[in-house]
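Participant: Contents of coords07.cif (mmCIF, N, CA and C atoms and all ligand atoms):
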data_work
loop_
_atom_site.group_PDB
_atom_site.id
_atom_site.type_symbol
_atom_site.label_atom_id
_atom_site.label_comp_id
_atom_site.auth_asym_id
_atom_site.auth_seq_id
_atom_site.Cartn_x
_atom_site.Cartn_y
_atom_site.Cartn_z
ATOM 1 N N MET A 13 137.647 135.196 80.558
ATOM 2 C CA MET A 13 136.195 135.399 80.505
ATOM 3 C C MET A 13 135.653 135.783 81.882
ATOM 4 N N LYS A 14 136.200 135.130 82.936
ATOM 5 C CA LYS A 14 135.778 135.417 84.308
ATOM 6 C C LYS A 14 136.054 136.881 84.656
ATOM 7 N N TYR A 15 137.226 137.362 84.252
ATOM 8 C CA TYR A 15 137.607 138.747 84.550
ATOM 9 C C TYR A 15 136.720 139.743 83.823
ATOM 10 N N LEU A 16 136.296 139.352 82.635
ATOM 11 C CA LEU A 16 135.426 140.222 81.838
ATOM 12 C C LEU A 16 134.095 140.446 82.560
ATOM 13 N N VAL A 17 133.561 139.365 83.148
ATOM 14 C CA VAL A 17 132.295 139.457 83.892
ATOM 15 C C VAL A 17 132.486 140.363 85.114
ATOM 16 N N VAL A 18 133.617 140.169 85.845
ATOM 17 C CA VAL A 18 133.905 140.992 87.032
ATOM 18 C C VAL A 18 134.027 142.460 86.614
ATOM 19 N N LEU A 19 134.735 142.704 85.530
ATOM 20 C CA LEU A 19 134.915 144.059 85.023
ATOM 21 C C LEU A 19 133.570 144.699 84.671
ATOM 22 N N LEU A 20 132.715 143.891 84.055
ATOM 23 C CA LEU A 20 131.391 144.366 83.655
ATOM 24 C C LEU A 20 130.559 144.733 84.884
ATOM 25 N N VAL A 21 130.615 143.890 85.917
ATOM 26 C CA VAL A 21 129.867 144.141 87.157
ATOM 27 C C VAL A 21 130.367 145.431 87.810
ATOM 28 N N VAL A 22 131.700 145.600 87.864
ATOM 29 C CA VAL A 22 132.288 146.806 88.447
ATOM 30 C C VAL A 22 131.857 148.032 87.651
ATOM 31 N N PHE A 23 131.896 147.914 86.335
ATOM 32 C CA PHE A 23 131.528 149.028 85.472
ATOM 33 C C PHE A 23 130.072 149.441 85.700
ATOM 34 N N VAL A 24 129.182 148.432 85.752
ATOM 35 C CA VAL A 24 127.752 148.711 85.988
ATOM 36 C C VAL A 24 127.564 149.340 87.367
ATOM 37 N N GLY A 25 128.302 148.833 88.364
ATOM 38 C CA GLY A 25 128.214 149.381 89.720
ATOM 39 C C GLY A 25 128.620 150.842 89.768
ATOM 40 N N VAL A 26 129.745 151.159 89.117
ATOM 41 C CA VAL A 26 130.220 152.550 89.077
ATOM 42 C C VAL A 26 129.221 153.435 88.343
ATOM 43 N N TRP A 27 128.677 152.909 87.266
ATOM 44 C CA TRP A 27 127.714 153.680 86.475
ATOM 45 C C TRP A 27 126.463 154.001 87.299
ATOM 46 N N LEU A 28 125.979 152.985 88.035
ATOM 47 C CA LEU A 28 124.795 153.182 88.885
ATOM 48 C C LEU A 28 125.078 154.205 89.984
ATOM 49 N N TRP A 29 126.270 154.090 90.597
ATOM 50 C CA TRP A 29 126.660 155.007 91.673
ATOM 51 C C TRP A 29 126.730 156.443 91.163
ATOM 52 N N ARG A 30 127.324 156.604 89.967
ATOM 53 C CA ARG A 30 127.458 157.943 89.388
ATOM 54 C C ARG A 30 126.108 158.547 89.041
ATOM 55 N N SER A 31 125.227 157.746 88.413
ATOM 56 C CA SER A 31 123.922 158.282 88.017
ATOM 57 C C SER A 31 123.091 158.629 89.253
ATOM 58 N N ASN A 32 123.267 157.859 90.330
ATOM 59 C CA ASN A 32 122.585 158.154 91.589
ATOM 60 C C ASN A 32 123.085 159.474 92.183
ATOM 61 N N ARG A 33 124.413 159.666 92.130
ATOM 62 C CA ARG A 33 125.000 160.905 92.643
ATOM 63 C C ARG A 33 124.532 162.113 91.863
ATOM 64 N N ILE A 34 124.441 161.976 90.534
ATOM 65 C CA ILE A 34 123.989 163.078 89.685
ATOM 66 C C ILE A 34 122.552 163.448 90.047
ATOM 67 N N ALA A 35 121.720 162.424 90.267
ATOM 68 C CA ALA A 35 120.316 162.668 90.622
ATOM 69 C C ALA A 35 120.219 163.378 91.967
ATOM 70 N N ILE A 36 121.047 162.956 92.937
ATOM 71 C CA ILE A 36 121.042 163.581 94.269
ATOM 72 C C ILE A 36 121.486 165.038 94.167
ATOM 73 N N ASN A 37 122.548 165.289 93.399
ATOM 74 C CA ASN A 37 123.036 166.655 93.230
ATOM 75 C C ASN A 37 121.991 167.545 92.580
ATOM 76 N N LYS A 38 121.243 166.983 91.636
ATOM 77 C CA LYS A 38 120.217 167.761 90.948
ATOM 78 C C LYS A 38 119.127 168.176 91.933
ATOM 79 N N VAL A 39 118.713 167.241 92.781
ATOM 80 C CA VAL A 39 117.686 167.526 93.787
ATOM 81 C C VAL A 39 118.193 168.589 94.764
ATOM 82 N N LYS A 40 119.476 168.442 95.194
ATOM 83 C CA LYS A 40 120.061 169.417 96.120
ATOM 84 C C LYS A 40 120.082 170.810 95.513
ATOM 85 N N GLN A 41 120.459 170.883 94.228
ATOM 86 C CA GLN A 41 120.533 172.172 93.540
ATOM 87 C C GLN A 41 119.151 172.804 93.430
ATOM 88 N N GLU A 42 118.156 171.982 93.110
ATOM 89 C CA GLU A 42 116.792 172.493 92.995
ATOM 90 C C GLU A 42 116.294 173.011 94.343
ATOM 91 N N ASN A 43 116.616 172.290 95.416
ATOM 92 C CA ASN A 43 116.218 172.733 96.759
ATOM 93 C C ASN A 43 116.886 174.054 97.113
ATOM 94 N N ALA A 44 118.171 174.197 96.768
ATOM 95 C CA ALA A 44 118.909 175.426 97.057
ATOM 96 C C ALA A 44 118.315 176.601 96.294
ATOM 97 N N GLU A 45 117.942 176.356 95.031
ATOM 98 C CA GLU A 45 117.335 177.423 94.229
ATOM 99 C C GLU A 45 115.996 177.849 94.817
ATOM 100 N N ARG A 46 115.219 176.864 95.249
ATOM 101 C CA ARG A 46 113.911 177.158 95.842
ATOM 102 C C ARG A 46 114.069 177.960 97.135
ATOM 103 N N GLU A 47 115.074 177.580 97.940
ATOM 104 C CA GLU A 47 115.330 178.282 99.198
ATOM 105 C C GLU A 47 115.763 179.715 98.930
ATOM 106 N N ALA A 48 116.623 179.920 97.923
ATOM 107 C CA ALA A 48 117.081 181.261 97.559
ATOM 108 C C ALA A 48 115.901 182.117 97.111
ATOM 109 N N GLU A 49 115.002 181.508 96.360
ATOM 110 C CA GLU A 49 113.813 182.218 95.896
ATOM 111 C C GLU A 49 112.951 182.646 97.080
ATOM 112 N N ARG A 50 112.825 181.724 98.052
ATOM 113 C CA ARG A 50 112.025 182.003 99.244
ATOM 114 C C ARG A 50 112.647 183.132 100.064
ATOM 115 N N GLN A 51 113.982 183.086 100.210
ATOM 116 C CA GLN A 51 114.682 184.138 100.948
ATOM 117 C C GLN A 51 114.497 185.487 100.258
ATOM 118 N N ASN A 52 114.559 185.467 98.934
ATOM 119 C CA ASN A 52 114.389 186.684 98.160
ATOM 120 C C ASN A 52 112.976 187.239 98.337
ATOM 121 N N ALA A 53 112.005 186.352 98.350
ATOM 122 C CA ALA A 53 110.612 186.764 98.520
ATOM 123 C C ALA A 53 110.374 187.342 99.911
ATOM 124 N N LYS A 54 111.141 186.868 100.900
ATOM 125 C CA LYS A 54 111.025 187.395 102.262
ATOM 126 C C LYS A 54 111.512 188.832 102.318
ATOM 127 N N LYS A 55 112.592 189.118 101.579
ATOM 128 C CA LYS A 55 113.208 190.444 101.606
ATOM 129 C C LYS A 55 112.431 191.454 100.787
ATOM 130 N N THR A 56 111.826 190.984 99.681
ATOM 131 C CA THR A 56 111.149 191.898 98.777
ATOM 132 C C THR A 56 109.838 192.378 99.399
ATOM 133 N N MET A 57 109.700 193.697 99.486
ATOM 134 C CA MET A 57 108.470 194.273 100.013
ATOM 135 C C MET A 57 107.579 194.676 98.846
ATOM 136 N N VAL A 58 106.309 194.386 98.982
ATOM 137 C CA VAL A 58 105.347 194.780 97.954
ATOM 138 C C VAL A 58 104.219 195.563 98.627
ATOM 139 N N ALA A 59 103.541 196.391 97.837
ATOM 140 C CA ALA A 59 102.440 197.187 98.351
ATOM 141 C C ALA A 59 101.123 196.557 97.930
ATOM 142 N N CYS A 60 100.176 196.544 98.822
ATOM 143 C CA CYS A 60 98.834 196.071 98.482
ATOM 144 C C CYS A 60 98.258 196.993 97.415
ATOM 145 N N ALA A 61 97.770 196.433 96.329
ATOM 146 C CA ALA A 61 97.251 197.228 95.215
ATOM 147 C C ALA A 61 95.934 197.914 95.583
ATOM 148 N N TYR A 62 95.320 197.489 96.672
ATOM 149 C CA TYR A 62 94.034 198.066 97.068
ATOM 150 C C TYR A 62 94.205 199.148 98.130
ATOM 151 N N CYS A 63 94.934 198.840 99.228
ATOM 152 C CA CYS A 63 95.043 199.802 100.328
ATOM 153 C C CYS A 63 96.451 200.389 100.466
ATOM 154 N N GLY A 64 97.423 199.858 99.783
ATOM 155 C CA GLY A 64 98.762 200.439 99.782
ATOM 156 C C GLY A 64 99.654 200.005 100.927
ATOM 157 N N VAL A 65 99.188 199.129 101.786
ATOM 158 C CA VAL A 65 100.007 198.626 102.895
ATOM 159 C C VAL A 65 101.171 197.807 102.347
ATOM 160 N N HIS A 66 102.378 198.030 102.904
ATOM 161 C CA HIS A 66 103.548 197.270 102.466
ATOM 162 C C HIS A 66 103.706 196.017 103.314
ATOM 163 N N LEU A 67 104.048 194.922 102.645
ATOM 164 C CA LEU A 67 104.260 193.655 103.348
ATOM 165 C C LEU A 67 105.243 192.804 102.547
ATOM 166 N N PRO A 68 105.918 191.855 103.224
ATOM 167 C CA PRO A 68 106.841 190.981 102.485
ATOM 168 C C PRO A 68 106.109 190.200 101.403
ATOM 169 N N GLN A 69 106.777 190.046 100.271
ATOM 170 C CA GLN A 69 106.149 189.378 99.127
ATOM 171 C C GLN A 69 105.678 187.978 99.481
ATOM 172 N N ILE A 70 106.407 187.307 100.397
ATOM 173 C CA ILE A 70 106.053 185.921 100.758
ATOM 174 C C ILE A 70 104.718 185.850 101.497
ATOM 175 N N GLU A 71 104.334 186.964 102.148
ATOM 176 C CA GLU A 71 103.057 186.990 102.864
ATOM 177 C C GLU A 71 101.931 187.571 102.012
ATOM 178 N N ALA A 72 102.306 188.211 100.908
ATOM 179 C CA ALA A 72 101.306 188.862 100.065
ATOM 180 C C ALA A 72 100.573 187.842 99.205
ATOM 181 N N LEU A 73 99.368 188.205 98.788
ATOM 182 C CA LEU A 73 98.586 187.341 97.908
ATOM 183 C C LEU A 73 98.674 187.910 96.498
ATOM 184 N N ALA A 74 99.003 187.072 95.555
ATOM 185 C CA ALA A 74 99.152 187.500 94.174
ATOM 186 C C ALA A 74 97.799 187.495 93.476
ATOM 187 N N ALA A 75 97.605 188.480 92.631
ATOM 188 C CA ALA A 75 96.409 188.487 91.802
ATOM 189 C C ALA A 75 96.552 187.396 90.747
ATOM 190 N N PRO A 76 95.464 186.761 90.370
ATOM 191 C CA PRO A 76 95.566 185.688 89.372
ATOM 192 C C PRO A 76 95.871 186.233 87.978
ATOM 193 N N ARG A 77 97.118 186.585 87.759
ATOM 194 C CA ARG A 77 97.559 187.078 86.450
ATOM 195 C C ARG A 77 98.797 186.308 86.017
ATOM 196 N N ALA A 78 98.903 186.113 84.740
ATOM 197 C CA ALA A 78 100.035 185.343 84.208
ATOM 198 C C ALA A 78 101.279 186.218 84.086
ATOM 199 N N ASP A 79 101.105 187.499 83.794
ATOM 200 C CA ASP A 79 102.241 188.386 83.550
ATOM 201 C C ASP A 79 102.856 188.825 84.876
ATOM 202 N N LEU A 80 104.091 188.417 85.134
ATOM 203 C CA LEU A 80 104.737 188.713 86.418
ATOM 204 C C LEU A 80 105.191 190.168 86.533
ATOM 205 N N ARG A 81 105.447 190.816 85.400
ATOM 206 C CA ARG A 81 105.948 192.200 85.469
ATOM 207 C C ARG A 81 104.862 193.166 85.949
ATOM 208 N N SER A 82 103.606 192.874 85.584
ATOM 209 C CA SER A 82 102.513 193.727 86.046
ATOM 210 C C SER A 82 101.751 193.018 87.176
ATOM 211 N N GLN A 83 102.491 192.166 87.922
ATOM 212 C CA GLN A 83 101.879 191.411 89.016
ATOM 213 C C GLN A 83 101.347 192.347 90.094
ATOM 214 N N LEU A 84 100.130 192.124 90.510
ATOM 215 C CA LEU A 84 99.529 192.893 91.593
ATOM 216 C C LEU A 84 99.542 192.036 92.852
ATOM 217 N N TRP A 85 99.801 192.699 93.986
ATOM 218 C CA TRP A 85 99.844 192.005 95.272
ATOM 219 C C TRP A 85 98.801 192.593 96.198
ATOM 220 N N PHE A 86 98.267 191.765 97.061
ATOM 221 C CA PHE A 86 97.243 192.215 98.002
ATOM 222 C C PHE A 86 97.576 191.716 99.408
ATOM 223 N N CYS A 87 97.109 192.469 100.426
ATOM 224 C CA CYS A 87 97.426 192.124 101.807
ATOM 225 C C CYS A 87 96.484 191.057 102.353
ATOM 226 N N SER A 88 95.303 190.929 101.761
ATOM 227 C CA SER A 88 94.331 189.954 102.276
ATOM 228 C C SER A 88 93.434 189.471 101.136
ATOM 229 N N THR A 89 92.694 188.401 101.422
ATOM 230 C CA THR A 89 91.798 187.863 100.387
ATOM 231 C C THR A 89 90.688 188.852 100.035
ATOM 232 N N GLU A 90 90.224 189.624 101.053
ATOM 233 C CA GLU A 90 89.178 190.612 100.798
ATOM 234 C C GLU A 90 89.659 191.657 99.791
ATOM 235 N N HIS A 91 90.870 192.161 100.050
ATOM 236 C CA HIS A 91 91.405 193.187 99.152
ATOM 237 C C HIS A 91 91.687 192.617 97.767
ATOM 238 N N ARG A 92 92.039 191.348 97.720
ATOM 239 C CA ARG A 92 92.259 190.733 96.410
ATOM 240 C C ARG A 92 90.941 190.670 95.640
ATOM 241 N N GLN A 93 89.859 190.343 96.366
ATOM 242 C CA GLN A 93 88.542 190.296 95.706
ATOM 243 C C GLN A 93 88.126 191.689 95.220
ATOM 244 N N PHE A 94 88.315 192.713 96.098
ATOM 245 C CA PHE A 94 87.978 194.089 95.716
ATOM 246 C C PHE A 94 88.823 194.542 94.531
ATOM 247 N N GLY A 95 90.102 194.216 94.604
ATOM 248 C CA GLY A 95 91.025 194.608 93.538
ATOM 249 C C GLY A 95 90.671 193.959 92.212
ATOM 250 N N ALA A 96 90.218 192.718 92.266
ATOM 251 C CA ALA A 96 89.841 192.002 91.039
ATOM 252 C C ALA A 96 88.578 192.624 90.426
ATOM 253 N N LYS A 97 87.657 193.090 91.310
ATOM 254 C CA LYS A 97 86.437 193.716 90.818
ATOM 255 C C LYS A 97 86.718 195.038 90.110
ATOM 256 N N GLN A 98 87.713 195.773 90.690
ATOM 257 C CA GLN A 98 88.060 197.085 90.118
ATOM 258 C C GLN A 98 88.661 196.941 88.717
ATOM 259 N N GLY A 99 89.322 195.867 88.478
ATOM 260 C CA GLY A 99 89.850 195.694 87.136
ATOM 261 C C GLY A 99 91.239 195.227 87.256
HETATM 262 ZN ZN ZN A 101 95.163 195.803 101.382
#
Take the structure in this file and express it as structure tokens.
Ligand SMILES: [Zn+2]
Facilitator:
Amino acid sequence: MKYLVVLLVVFVGVWLWRSNRIAINKVKQENAEREAERQNAKKTMVACAYCGVHLPQIEALAAPRADLRSQLWFCSTEHRQFGAKQG
């Protein structure tokens, strides 16, 4: 009976350690994906929909639209406002 309790404690300990490791790996993977996305956004150049100036996507301002394929980008808040007025 004593050994059964020890075995149970060891089993619970291993289970806790494993679930903790899985959670850590998940967070690491999510961080890596986010970083890759950021790097990609740095490389991708977009044109301002109002004045046509090219700038990295990470510095560009997105128009408030849900559809990413027809996403419009702007170089500044002023141009975003003008662009929104135009349609
Ligand atoms: Zn512009």
Participant: Counting only N, CA and C atoms and all ligand atoms, what residues are within 6 Å of ligand ZN 101 (chain A), given as a list of chain:residue names?
Facilitator: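 Those within range of ligand ZN 101 (chain A) are A:Cys60, A:Ala61, A:Tyr62, A:Cys63, A:Gly64, A:Val65, A:Phe86, A:Cys87, A:Ser88, A:His91.
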Participant: CA of Ala96 in chain A and atom C of Ala75 in chain A, how far apart in Å?
Facilitator: 8.1 Å
Participant: Which residue is closest to Val58 in chain A? Choose from A:Ala72, A:Lys97, A:Val21, A:Trp27 and count only C-alpha atoms.
Facilitator: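 Among the listed residues, A:Ala72 lies closest to Val58 in chain A.
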Participant: Enclose all atoms of range 92-98 of chain A listed in the file in an axis-aligned box, grow every side by 3 Å, and hand back centre and edge lengths in Å to one decimal, as lines of an AutoDock Vina configuration file.
Facilitator:
center_x = 89.3
center_y = 193.7
center_z = 93.2
size_x = 11.8
size_y = 12.8
size_z = 15.0
Participant: Enter the distance from CA of Arg50 in chain A to CA of Arg33 in chain A, in Å, rounded to one decimal.
Facilitator: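 These atoms are spaced 25.6 Å apart.
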Participant: So what do you get for CA of Lys54 in chain A versus atom C of Glu71 in chain A, distance-wise?
Facilitator: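 Atom C of Glu71 in chain A lies 9.1 Å from CA of Lys54 in chain A.
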Participant: Got a sec to tell me which of range 28-66 of chain A DSSP assigns to helix (DSSP H, G or I), as a list in words?
Facilitator: Leu28, Trp29, Arg30, Ser31, Asn32, Arg33, Ile34, Ala35, Ile36, Asn37, Lys38, Val39, Lys40, Gln41, Glu42, Asn43, Ala44, Glu45, Arg46, Glu47, Ala48, Glu49, Arg50, Gln51, Asn52, Ala53, Lys54 and Lys55 of chain A
Participant: So which residues of chain A fall under strand (DSSP E) by DSSP, listed as a list of chain:residue names?
Facilitator: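 Answer for chain A, restricted to strand (DSSP E): A:Met57, A:Val58, A:Ala59, A:His66, A:Leu67, A:Pro68, A:Leu73, A:Ala74, A:Trp85, A:Phe86.
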Participant: Let me see the file: selected residues, N, CA and C atoms, as a compact mmCIF listing (two decimals), in the coordinates of the input.
Facilitator:
# COMPACT_ATOMS: atom_id res chain seq x y z
N MET A 57 109.70 193.70 99.49
CA MET A 57 108.47 194.27 100.01
C MET A 57 107.58 194.68 98.85
N VAL A 58 106.31 194.39 98.98
CA VAL A 58 105.35 194.78 97.95
C VAL A 58 104.22 195.56 98.63
N ALA A 59 103.54 196.39 97.84
CA ALA A 59 102.44 197.19 98.35
C ALA A 59 101.12 196.56 97.93
N HIS A 66 102.38 198.03 102.90
CA HIS A 66 103.55 197.27 102.47
C HIS A 66 103.71 196.02 103.31
N LEU A 67 104.05 194.92 102.64
CA LEU A 67 104.26 193.66 103.35
C LEU A 67 105.24 192.80 102.55
N PRO A 68 105.92 191.86 103.22
CA PRO A 68 106.84 190.98 102.48
C PRO A 68 106.11 190.20 101.40
N LEU A 73 99.37 188.20 98.79
CA LEU A 73 98.59 187.34 97.91
C LEU A 73 98.67 187.91 96.50
N ALA A 74 99.00 187.07 95.56
CA ALA A 74 99.15 187.50 94.17
C ALA A 74 97.80 187.50 93.48
N TRP A 85 99.80 192.70 93.99
CA TRP A 85 99.84 192.00 95.27
C TRP A 85 98.80 192.59 96.20
N PHE A 86 98.27 191.76 97.06
CA PHE A 86 97.24 192.22 98.00
C PHE A 86 97.58 191.72 99.41
Participant: For the PyMOL selection byres (((chain A and resi 70 and name CA) around 9) and not hetatm and name CA), applied here, can you spell out every residue it catches as JSON, numbers by chain?
Facilitator: {"A": [50, 51, 52, 53, 54, 55, 56, 57, 67, 68, 69, 71, 72, 73]}
